Protein chains: 2
Amino acid sequence: MAITLAVDAMGGDFGPRVTVPAALSVLSASSSIHIILVGQESQISPLLQGIAPNIRARISIVHTDEMVTMDDKVAVALRNKRQSSMRLAINLVHDKKAHACISAGNTGALMAISRFVLKTHANIERPAIMTALPTEHGRAYMLDLGANVDSEAKHLVQFALMGDVVVRALEGIAQPRVALLNIGEEEIKGNELIKQTHQLLRASALNYVGYIEGDGIFKGEADVVVCDGFVGNVALKTSEGVAKMMAAFIKQEISRNWLTKLTGALAYPVWRGLKAKMNPSHYNGASLVGLTGIVIKSHGSADSSSFAQAIKVAIKAVEQDVPALIQQHMPEQQ
Amino acid sequence: MAITLAVDAMGGDFGPRVTVPAALSVLSASSSIHIILVGQESQISPLLQGIAPNIRARISIVHTDEMVTMDDKVAVALRNKRQSSMRLAINLVHDKKAHACISAGNTGALMAISRFVLKTHANIERPAIMTALPTEHGRAYMLDLGANVDSEAKHLVQFALMGDVVVRALEGIAQPRVALLNIGEEEIKGNELIKQTHQLLRASALNYVGYIEGDGIFKGEADVVVCDGFVGNVALKTSEGVAKMMAAFIKQEISRNWLTKLTGALAYPVWRGLKAKMNPSHYNGASLVGLTGIVIKSHGSADSSSFAQAIKVAIKAVEQDVPALIQQHMPEQQ
C-alpha cells in the first residue's frame with residue numbers, strides 16, 4: 001500500500017533541520033512511503049541536496065512562508081494563520097491528498113486546527129491526545145494527555161473506547177486491559193468524576209480492570225490508562241521530570257571524582273541499555289484520536305530519530321486505518 | 001526543650017519491627033526526646049530488651065490491642081476503633097500529653113481521625129497532606145497530596161498559605177516561591193479551578209511565581225507547589241513509579257551479562273550516590289497541615305531509617321511550633 005504523509009516541516013524547536021532528515025530516514029527505510037514536506041522551500045530544499053533520486057522522487061514540497069509558533073495563541077493560529085505549514089498539512093489530510101499529518105508544533109494549535117478542519121467522529125464529542133509510555137513489562141497507552149480539561153464521565157468513557165480500539169490496532173492485543181487513573185489515599189476513593197466513570201466503565205463491554213494508581217502505570221498493570229487531560233498532562237510531565245532528574249543525578253554522581261568518573265565510564269553498557277529503555281524517541285508520536293483523519297504530534301524538542309518515530313506511528317495508524325476502526329467501534333451517542 | 005512524641009507503633013507494613021527501632025535511634029541521637037509507643041505491649045516490650053537505661057527512661061508504652069489496618073474503611077476506623085493505636089496516639093496530642101504524633105498507618109483513617117480529634121484551625125476549612133520532594137537543586141514541598149479531592153479555589157489558596165508558612169519554618173526560606181501546578185498543552189491553559197486560583201494567588205501577599213508544570217517541580221522552579229489532592233496524589237505516585245521503574249531497569253541492565261555485571265559492580269559508588277539523592281527515607285514524613293496539632297504520616301512501607309526520618313520531621317515541626325505559625329498567618333476567612 002502506497003502511503004502519503006504530510007509533514008509540517010516547520011514545527012518543533014528545530015524545524016526543517018530535524019523534520020527533513022527524519023523524513024529522509026523513513027523514506028529510505030520504506031519504498032512505499034511518499035512524503036509531502038510543508039513549509040518554507042528555501043529552508044527545505046538545501047536539505048534535499050544530493051539525496052538519491054529514488055528518494056527524491058517520493059518527496060514533494062508544498063511551500064508556505066507562514067508558520068505557527070510555540071507562543072502563538074490558539075485562536076490566532078486557528079483564525080489568522082490559514083496558510084501556516086501546520087494548517088496546510090492538516091488540509092492535505094482533509095483533502096485526501098495525504099493519509100496522515102505529523103507535526104512537532106504547538107499542541108494546542110494542532111488540536112484546535114485538526115478539530116476544526118477534520119472534525120470528530122459522529123459519536124465522539126471530544127478528541128483526545130494519547131501516547132505510549134514505557135513500563136516495567138512493555139508499554140502502556142494513556143489518554144487524555146491535555147486536549148481536554150474538565151472532562152465529564154461520558155468523555156472519559158469515550159476515551160476508554162478509543163484507547164481500546166487503538167491499542168488493539170497498534171499493539172495487536174486482543175483484549176486490552178483498560179484502567180481508570182485514580183488515587184488511593186483519600187477518605188473515599190476518587191472524586192465525583194471518577195466514581196461516575198467507574199460505574200459506566202463497569203457496565204461497558206471493555207476489559208475494564210478498575211482503578212489504577214500513578215505508580216501502577218509503570219508496573220504495567222494496564223494497557224490503556226484513562227484520565228482527564230489535566231491529570232494526564234500533569235502525570236506525563238511529572239514522569240518526564242523525574243526521569244530527567246535521575247539522569248542528571250547519574251551524571252552528577254559520575255563526575256564527582258576520579259573513581260566515579262572511571263567506574264562510570266566502564267559502566268557505559270549499563271547506561272546505554274538504560275537509555276535505550278527510557279529513550280523518549282521510542283515513545284515519541286502522540287495520536288490525536290477521535291478525529292476523522294490521522295494527526296500525530298511529536299515532542300517539540302524531538303531530534304530527527306525521535307521525529308522519525310512519530311512518522312512511524314503515523315504509518316502504523318494509516319496501515320490499520322485507525323479512524324475507521326474507531327468510527328466502527330463507537331457505540332451510538334450515550 | 002523537652003519534646004514528647006506519640007508513635008503509633010502498630011502502623012505501617014511492619015509495625016513495631018520498624019517503628020520501635022526507629023524510635024530507639026531517634027532517642028539515642030537526642031537526649032531531649034521522649035517517646036510514647038502506642039500499641040500492643042507484648043509486641044513492643046521484647047524489642048526494648050537490653051537497651052541503655054538512659055534511653056529506656058525516655059520511653060513509655062500505652063498499651064492497646066486494637067489497631068487500624070490498611071484495609072479498614074475510614075468510617076470503620078473512625079467510629080468503631082476508638083481504642084486503636086492510631087486513635088490513642090492522636091488523643092495524646094489532643095490531651096497535650098504529646099507534642100506530635102507519627103503514624104505509618106492508613107492515610108485516610110489518619111486524616112479523618114486527626115481531623116475529628118484535633119480539628120482544623122479557625123480559618124482553615126480543609127487540612128492538607130504536604131511532603132518534600134527531591135529536585136535537581138534541593139527540595140520542593142507539594143500539597144495537597146490526597147486529603148482533598150474536588151478542591152475549590154479558596155482551598156487551594158489556603159494550601160498555598162499553609163505551605164508558605166511551613167517552608168519558612170522548616171527550611172528557613174524567607175520568601176518561598178509558591179507555584180500553582182498547571183498544564184501547558186491545552187487550548188486555554190488550565191481548568192476553571194486553576195484560573196480562579198491563579199487570580200486569587202496573584203492578589204495575595206505570597207511570593208507567587210505563577211504556574212508550574214509537572215517537570216518544573218523537579219527542576220526546582222518552586223519551593224511550594226500547590227494543587228488539588230487528586231492531581232497531587234497522581235503526580236506523587238507517578239513520580240514514585242518512574243523512579244522505581246528506572247531503578248528496576250538499571251538492575252536489569254547490570255544483570256544482563258558478565259560485562260555489565262562487572263562494570264555495574266565497579267560503578268557501585270555511582271549507584272550509592274544516586275540512591276542517597278533519590279532515597280525516599282530522606283523525604284519520608286508527610287505533614288497533615290491545617291490541624292491544631294502536629295500529625296506526621298510515614299510511608300507504609302518505610303524501613304526503620306525512613307520511619308526515623310518521619311519522626312525527625314515531627315521534631316522539627318514541634319520546635320518551630322508549626323500549628324501556631326499557621327494559625328497566626330492565616331488571614332480571616334475569605
# chains A, B, ... in the order shown; residues from 1 in each chain; ligands from 1
>>> interface_residues(of="chain A", to="chain B", cutoff="6 Å", atoms="only C-alpha atoms", output="PyMOL selection string")
chain A and resi 107-108+136+146-147+149+185-187+191+214-215+218+231+234-235+237-239+241+245+253-254+263-264+266-267+270+273
>>> closest_atom_pairs(of="range 39-103 of chain A", to="range 307-328 of chain A", cutoff="10 Å", atoms="only C-alpha atoms", output="tab-separated table")
residue	atom	partner	partner_atom	distance
A:His99	CA	A:Val318	CA	6.4
A:Ala100	CA	A:Ala314	CA	6.3
A:Cys101	CA	A:Ala314	CA	7.5
A:Ile102	CA	A:Ile311	CA	6.5
A:Ser103	CA	A:Ala310	CA	8.7
>>> write_last_selection(atoms="all heavy atoms", output="mmCIF file, in the first residue's frame")
data_model
loop_
_atom_site.group_PDB
_atom_site.id
_atom_site.type_symbol
_atom_site.label_atom_id
_atom_site.label_comp_id
_atom_site.auth_asym_id
_atom_site.auth_seq_id
_atom_site.Cartn_x
_atom_site.Cartn_y
_atom_site.Cartn_z
ATOM 1 N N HIS A 99 -2.481 10.668 3.799
ATOM 2 C CA HIS A 99 -3.190 9.762 4.706
ATOM 3 C C HIS A 99 -3.089 10.194 6.157
ATOM 4 O O HIS A 99 -3.878 9.762 7.000
ATOM 5 C CB HIS A 99 -2.618 8.342 4.574
ATOM 6 C CG HIS A 99 -2.851 7.721 3.244
ATOM 7 N ND1 HIS A 99 -1.927 7.774 2.225
ATOM 8 C CD2 HIS A 99 -3.915 7.036 2.755
ATOM 9 C CE1 HIS A 99 -2.396 7.125 1.169
ATOM 10 N NE2 HIS A 99 -3.601 6.681 1.452
ATOM 11 N N ALA A 100 -2.048 10.977 6.445
ATOM 12 C CA ALA A 100 -1.851 11.401 7.833
ATOM 13 C C ALA A 100 -0.968 12.623 7.844
ATOM 14 O O ALA A 100 -0.266 12.908 6.870
ATOM 15 C CB ALA A 100 -1.203 10.288 8.651
ATOM 16 N N CYS A 101 -0.997 13.323 8.955
ATOM 17 C CA CYS A 101 -0.167 14.511 9.126
ATOM 18 C C CYS A 101 0.622 14.376 10.415
ATOM 19 O O CYS A 101 0.126 13.818 11.407
ATOM 20 C CB CYS A 101 -1.097 15.721 9.137
ATOM 21 S SG CYS A 101 -0.578 17.079 10.159
ATOM 22 N N ILE A 102 1.875 14.850 10.376
ATOM 23 C CA ILE A 102 2.740 14.786 11.556
ATOM 24 C C ILE A 102 3.278 16.183 11.824
ATOM 25 O O ILE A 102 3.781 16.838 10.906
ATOM 26 C CB ILE A 102 3.941 13.826 11.348
ATOM 27 C CG1 ILE A 102 3.458 12.432 10.994
ATOM 28 C CG2 ILE A 102 4.819 13.791 12.600
ATOM 29 C CD1 ILE A 102 3.508 12.102 9.511
ATOM 30 N N SER A 103 3.197 16.622 13.065
ATOM 31 C CA SER A 103 3.713 17.946 13.412
ATOM 32 C C SER A 103 4.349 17.932 14.787
ATOM 33 O O SER A 103 3.863 17.253 15.697
ATOM 34 C CB SER A 103 2.583 18.981 13.388
ATOM 35 O OG SER A 103 3.051 20.237 13.827
#
>>> residues_around(residues="range 39-48 of chain A", least_positions_apart="4", cutoff="9 Å", atoms="only C-alpha atoms", output="MDAnalysis selection string")
chainID A and resid 7:10 16:17 20:21 24 56 61:67 84:86 88
>>> select_by_dssp(residues="range 47-201 of chain B", states="alpha helix (DSSP H)", output="ChimeraX atom specification")
/B:53-56,74-80,85-94,107-118,153-171,192-201
>>> write_last_selection(atoms="C-alpha atoms", output="compact mmCIF listing (two decimals), in the first residue's frame")
# COMPACT_ATOMS: atom_id res chain seq x y z
CA PRO B 53 18.71 2.76 80.84
CA ASN B 54 19.05 6.42 79.83
CA ILE B 55 17.09 5.62 76.69
CA ARG B 56 14.60 3.29 78.36
CA VAL B 74 -12.22 5.19 57.06
CA ALA B 75 -15.67 5.20 58.65
CA VAL B 76 -14.91 1.95 60.48
CA ALA B 77 -11.55 3.21 61.72
CA LEU B 78 -13.13 6.45 62.91
CA ARG B 79 -16.30 5.16 64.54
CA ASN B 80 -15.56 1.61 65.64
CA SER B 85 -3.13 2.66 68.46
CA MET B 86 -3.63 5.39 65.86
CA ARG B 87 -6.55 6.97 67.71
CA LEU B 88 -4.83 6.82 71.09
CA ALA B 89 -1.65 8.38 69.64
CA ILE B 90 -3.69 11.27 68.23
CA ASN B 91 -5.60 11.58 71.50
CA LEU B 92 -2.26 12.08 73.28
CA VAL B 93 -1.62 15.13 71.08
CA HIS B 94 -5.11 16.44 71.77
CA THR B 107 -3.66 7.61 55.40
CA GLY B 108 -7.39 8.08 55.00
CA ALA B 109 -8.02 6.93 58.56
CA LEU B 110 -5.17 9.04 59.93
CA MET B 111 -6.52 12.15 58.24
CA ALA B 112 -10.11 11.51 59.31
CA ILE B 113 -9.28 10.71 62.93
CA SER B 114 -6.82 13.62 63.17
CA ARG B 115 -9.40 15.97 61.82
CA PHE B 116 -12.09 14.63 64.12
CA VAL B 117 -9.92 14.72 67.25
CA LEU B 118 -7.72 17.76 66.65
CA ALA B 153 -10.07 27.80 44.63
CA LYS B 154 -10.28 29.11 48.19
CA HIS B 155 -8.99 25.76 49.46
CA LEU B 156 -6.01 25.88 47.13
CA VAL B 157 -5.26 29.39 48.39
CA GLN B 158 -5.36 28.08 51.96
CA PHE B 159 -2.96 25.30 50.94
CA ALA B 160 -0.63 27.91 49.46
CA LEU B 161 -0.69 29.99 52.63
CA MET B 162 -0.01 26.93 54.79
CA GLY B 163 2.76 25.72 52.50
CA ASP B 164 4.41 29.12 52.67
CA VAL B 165 4.38 29.10 56.49
CA VAL B 166 5.67 25.54 56.76
CA VAL B 167 8.52 26.05 54.28
CA ARG B 168 9.59 29.25 56.00
CA ALA B 169 9.63 27.36 59.32
CA LEU B 170 11.18 24.06 58.23
CA GLU B 171 13.57 25.28 55.54
CA GLU B 192 -11.64 26.68 35.76
CA LEU B 193 -10.30 25.85 39.21
CA ILE B 194 -6.77 26.79 38.18
CA LYS B 195 -7.74 30.05 36.56
CA GLN B 196 -9.70 31.20 39.61
CA THR B 197 -6.93 30.18 41.98
CA HIS B 198 -4.34 31.96 39.85
CA GLN B 199 -6.22 35.25 40.22
CA LEU B 200 -6.53 34.83 43.97
CA LEU B 201 -2.86 33.95 44.41
>>> residues_around(residues="Gly300 in chain A", least_positions_apart="3", cutoff="9 Å", atoms="only C-alpha atoms", output="short mmCIF file (atom, residue, chain, number, x, y, z; two decimals) with N, CA and C atoms, in the first residue's frame")
data_model
loop_
_atom_site.label_atom_id
_atom_site.label_comp_id
_atom_site.auth_asym_id
_atom_site.auth_seq_id
_atom_site.Cartn_x
_atom_site.Cartn_y
_atom_site.Cartn_z
N GLY A 11 7.45 22.77 12.17
CA GLY A 11 7.08 22.61 13.57
C GLY A 11 8.26 22.19 14.45
N GLY A 12 8.09 22.40 15.76
CA GLY A 12 9.10 21.95 16.72
C GLY A 12 10.19 22.96 16.95
N ASP A 13 11.09 22.63 17.86
CA ASP A 13 12.14 23.57 18.24
C ASP A 13 13.17 23.75 17.14
N PHE A 14 13.29 22.78 16.23
CA PHE A 14 14.39 22.83 15.26
C PHE A 14 13.91 22.92 13.81
N MET A 70 5.46 28.40 18.75
CA MET A 70 5.11 27.78 20.03
C MET A 70 4.35 28.77 20.92
N SER A 103 3.20 16.62 13.06
CA SER A 103 3.71 17.95 13.41
C SER A 103 4.35 17.93 14.79
N ALA A 104 5.43 18.68 14.94
CA ALA A 104 6.05 18.86 16.26
C ALA A 104 5.71 20.24 16.81
N GLY A 105 4.73 20.87 16.21
CA GLY A 105 4.40 22.25 16.58
C GLY A 105 3.51 22.34 17.82
N ASN A 106 3.14 23.55 18.12
CA ASN A 106 2.24 23.95 19.20
C ASN A 106 1.04 22.98 19.35
N THR A 107 0.99 22.27 20.46
CA THR A 107 -0.05 21.23 20.63
C THR A 107 -1.46 21.79 20.62
N LYS A 297 1.26 14.00 16.86
CA LYS A 297 2.01 15.09 17.46
C LYS A 297 3.36 14.57 17.95
N ASP A 303 14.57 15.08 18.39
CA ASP A 303 15.64 15.08 17.40
C ASP A 303 15.16 14.27 16.20
#
>>> atom_distance(atom1="CA of Ala22 in chain A", atom2="CA of Lys119 in chain A")
28.2 Å
>>> select_by_dssp(residues="range 41-89 of chain A", states="strand (DSSP E)", output="NGL selection string")
:A and (59-63)
>>> write_last_selection(atoms="all heavy atoms", output="PDB file, in the first residue's frame")
ATOM      1  N   ILE A  59       9.317  12.655  -2.660  1.00  0.00           N
ATOM      2  CA  ILE A  59       9.151  13.856  -1.830  1.00  0.00           C
ATOM      3  C   ILE A  59       8.507  14.946  -2.657  1.00  0.00           C
ATOM      4  O   ILE A  59       8.914  15.188  -3.792  1.00  0.00           O
ATOM      5  CB  ILE A  59      10.525  14.393  -1.345  1.00  0.00           C
ATOM      6  CG1 ILE A  59      11.237  13.351  -0.483  1.00  0.00           C
ATOM      7  CG2 ILE A  59      10.370  15.708  -0.576  1.00  0.00           C
ATOM      8  CD1 ILE A  59      12.648  13.750  -0.072  1.00  0.00           C
ATOM      9  N   SER A  60       7.507  15.587  -2.113  1.00  0.00           N
ATOM     10  CA  SER A  60       7.082  16.834  -2.739  1.00  0.00           C
ATOM     11  C   SER A  60       7.095  17.920  -1.668  1.00  0.00           C
ATOM     12  O   SER A  60       7.063  17.642  -0.465  1.00  0.00           O
ATOM     13  CB  SER A  60       5.720  16.694  -3.407  1.00  0.00           C
ATOM     14  OG  SER A  60       4.873  15.904  -2.646  1.00  0.00           O
ATOM     15  N   ILE A  61       7.160  19.146  -2.136  1.00  0.00           N
ATOM     16  CA  ILE A  61       7.200  20.282  -1.208  1.00  0.00           C
ATOM     17  C   ILE A  61       5.985  21.148  -1.469  1.00  0.00           C
ATOM     18  O   ILE A  61       5.657  21.454  -2.616  1.00  0.00           O
ATOM     19  CB  ILE A  61       8.483  21.119  -1.417  1.00  0.00           C
ATOM     20  CG1 ILE A  61       9.729  20.252  -1.116  1.00  0.00           C
ATOM     21  CG2 ILE A  61       8.486  22.358  -0.522  1.00  0.00           C
ATOM     22  CD1 ILE A  61      11.049  20.946  -1.419  1.00  0.00           C
ATOM     23  N   VAL A  62       5.287  21.486  -0.411  1.00  0.00           N
ATOM     24  CA  VAL A  62       4.226  22.494  -0.504  1.00  0.00           C
ATOM     25  C   VAL A  62       4.767  23.721   0.210  1.00  0.00           C
ATOM     26  O   VAL A  62       4.998  23.698   1.427  1.00  0.00           O
ATOM     27  CB  VAL A  62       2.919  22.004   0.141  1.00  0.00           C
ATOM     28  CG1 VAL A  62       1.925  23.156   0.270  1.00  0.00           C
ATOM     29  CG2 VAL A  62       2.307  20.866  -0.663  1.00  0.00           C
ATOM     30  N   HIS A  63       5.029  24.752  -0.556  1.00  0.00           N
ATOM     31  CA  HIS A  63       5.665  25.936   0.022  1.00  0.00           C
ATOM     32  C   HIS A  63       4.671  26.852   0.722  1.00  0.00           C
ATOM     33  O   HIS A  63       3.567  27.103   0.238  1.00  0.00           O
ATOM     34  CB  HIS A  63       6.382  26.742  -1.061  1.00  0.00           C
ATOM     35  CG  HIS A  63       6.833  28.080  -0.547  1.00  0.00           C
ATOM     36  ND1 HIS A  63       7.930  28.210   0.279  1.00  0.00           N
ATOM     37  CD2 HIS A  63       6.312  29.327  -0.690  1.00  0.00           C
ATOM     38  CE1 HIS A  63       8.071  29.492   0.610  1.00  0.00           C
ATOM     39  NE2 HIS A  63       7.105  30.190   0.040  1.00  0.00           N
TER      40      HIS A  63
END
>>> atom_distance(atom1="CA of Asn207 in chain A", atom2="CA of Ile173 in chain A")
11.4 Å
>>> atom_distance(atom1="CA of Asp228 in chain A", atom2="CA of Ala128 in chain B")
22.4 Å
>>> decode(residues="range 118-134 of chain B", atoms="N, CA, C and O atoms", output="PDB file, in the first residue's frame")
ATOM      1  N   LEU B 118      -8.492  16.524  66.470  1.00  0.00           N
ATOM      2  CA  LEU B 118      -7.718  17.760  66.653  1.00  0.00           C
ATOM      3  C   LEU B 118      -8.398  18.997  66.080  1.00  0.00           C
ATOM      4  O   LEU B 118      -8.110  20.111  66.505  1.00  0.00           O
ATOM      5  N   LYS B 119      -9.254  18.812  65.097  1.00  0.00           N
ATOM      6  CA  LYS B 119      -9.934  19.917  64.394  1.00  0.00           C
ATOM      7  C   LYS B 119      -8.927  20.767  63.603  1.00  0.00           C
ATOM      8  O   LYS B 119      -7.751  20.771  63.883  1.00  0.00           O
ATOM      9  N   THR B 120      -9.498  21.512  62.653  1.00  0.00           N
ATOM     10  CA  THR B 120      -8.664  22.434  61.879  1.00  0.00           C
ATOM     11  C   THR B 120      -8.625  23.793  62.579  1.00  0.00           C
ATOM     12  O   THR B 120      -9.454  24.074  63.443  1.00  0.00           O
ATOM     13  N   HIS B 121      -7.679  24.621  62.171  1.00  0.00           N
ATOM     14  CA  HIS B 121      -7.641  25.998  62.651  1.00  0.00           C
ATOM     15  C   HIS B 121      -8.909  26.718  62.209  1.00  0.00           C
ATOM     16  O   HIS B 121      -9.534  26.333  61.222  1.00  0.00           O
ATOM     17  N   ALA B 122      -9.208  27.799  62.916  1.00  0.00           N
ATOM     18  CA  ALA B 122     -10.470  28.511  62.682  1.00  0.00           C
ATOM     19  C   ALA B 122     -10.657  28.896  61.211  1.00  0.00           C
ATOM     20  O   ALA B 122     -11.751  28.780  60.683  1.00  0.00           O
ATOM     21  N   ASN B 123      -9.601  29.352  60.562  1.00  0.00           N
ATOM     22  CA  ASN B 123      -9.771  29.872  59.204  1.00  0.00           C
ATOM     23  C   ASN B 123      -9.404  28.874  58.113  1.00  0.00           C
ATOM     24  O   ASN B 123      -9.228  29.256  56.961  1.00  0.00           O
ATOM     25  N   ILE B 124      -9.277  27.624  58.501  1.00  0.00           N
ATOM     26  CA  ILE B 124      -8.940  26.612  57.500  1.00  0.00           C
ATOM     27  C   ILE B 124     -10.076  25.612  57.392  1.00  0.00           C
ATOM     28  O   ILE B 124     -10.501  25.020  58.379  1.00  0.00           O
ATOM     29  N   GLU B 125     -10.589  25.485  56.180  1.00  0.00           N
ATOM     30  CA  GLU B 125     -11.719  24.580  56.002  1.00  0.00           C
ATOM     31  C   GLU B 125     -11.272  23.143  55.865  1.00  0.00           C
ATOM     32  O   GLU B 125     -11.973  22.227  56.277  1.00  0.00           O
ATOM     33  N   ARG B 126     -10.129  22.944  55.217  1.00  0.00           N
ATOM     34  CA  ARG B 126      -9.682  21.586  54.948  1.00  0.00           C
ATOM     35  C   ARG B 126      -8.196  21.440  55.230  1.00  0.00           C
ATOM     36  O   ARG B 126      -7.395  22.212  54.726  1.00  0.00           O
ATOM     37  N   PRO B 127      -7.824  20.437  56.000  1.00  0.00           N
ATOM     38  CA  PRO B 127      -6.397  20.163  56.161  1.00  0.00           C
ATOM     39  C   PRO B 127      -5.848  19.553  54.863  1.00  0.00           C
ATOM     40  O   PRO B 127      -6.613  19.128  53.992  1.00  0.00           O
ATOM     41  N   ALA B 128      -4.545  19.562  54.726  1.00  0.00           N
ATOM     42  CA  ALA B 128      -3.923  19.031  53.515  1.00  0.00           C
ATOM     43  C   ALA B 128      -2.726  18.164  53.886  1.00  0.00           C
ATOM     44  O   ALA B 128      -2.205  18.253  54.999  1.00  0.00           O
ATOM     45  N   ILE B 129      -2.323  17.325  52.956  1.00  0.00           N
ATOM     46  CA  ILE B 129      -1.132  16.497  53.143  1.00  0.00           C
ATOM     47  C   ILE B 129      -0.004  17.119  52.328  1.00  0.00           C
ATOM     48  O   ILE B 129      -0.178  17.438  51.151  1.00  0.00           O
ATOM     49  N   MET B 130       1.130  17.283  52.978  1.00  0.00           N
ATOM     50  CA  MET B 130       2.248  18.012  52.366  1.00  0.00           C
ATOM     51  C   MET B 130       3.530  17.219  52.575  1.00  0.00           C
ATOM     52  O   MET B 130       3.779  16.725  53.657  1.00  0.00           O
ATOM     53  N   THR B 131       4.325  17.126  51.547  1.00  0.00           N
ATOM     54  CA  THR B 131       5.607  16.456  51.734  1.00  0.00           C
ATOM     55  C   THR B 131       6.689  17.126  50.915  1.00  0.00           C
ATOM     56  O   THR B 131       6.419  17.910  50.014  1.00  0.00           O
ATOM     57  N   ALA B 132       7.955  16.821  51.256  1.00  0.00           N
ATOM     58  CA  ALA B 132       9.093  17.326  50.492  1.00  0.00           C
ATOM     59  C   ALA B 132       9.426  16.337  49.393  1.00  0.00           C
ATOM     60  O   ALA B 132       9.282  15.124  49.553  1.00  0.00           O
ATOM     61  N   LEU B 133       9.848  16.857  48.249  1.00  0.00           N
ATOM     62  CA  LEU B 133      10.277  16.036  47.114  1.00  0.00           C
ATOM     63  C   LEU B 133      11.677  16.473  46.705  1.00  0.00           C
ATOM     64  O   LEU B 133      12.021  17.643  46.838  1.00  0.00           O
ATOM     65  N   PRO B 134      12.479  15.551  46.189  1.00  0.00           N
ATOM     66  CA  PRO B 134      13.802  15.961  45.715  1.00  0.00           C
ATOM     67  C   PRO B 134      13.672  16.764  44.423  1.00  0.00           C
ATOM     68  O   PRO B 134      12.773  16.514  43.622  1.00  0.00           O
TER      69      PRO B 134
END
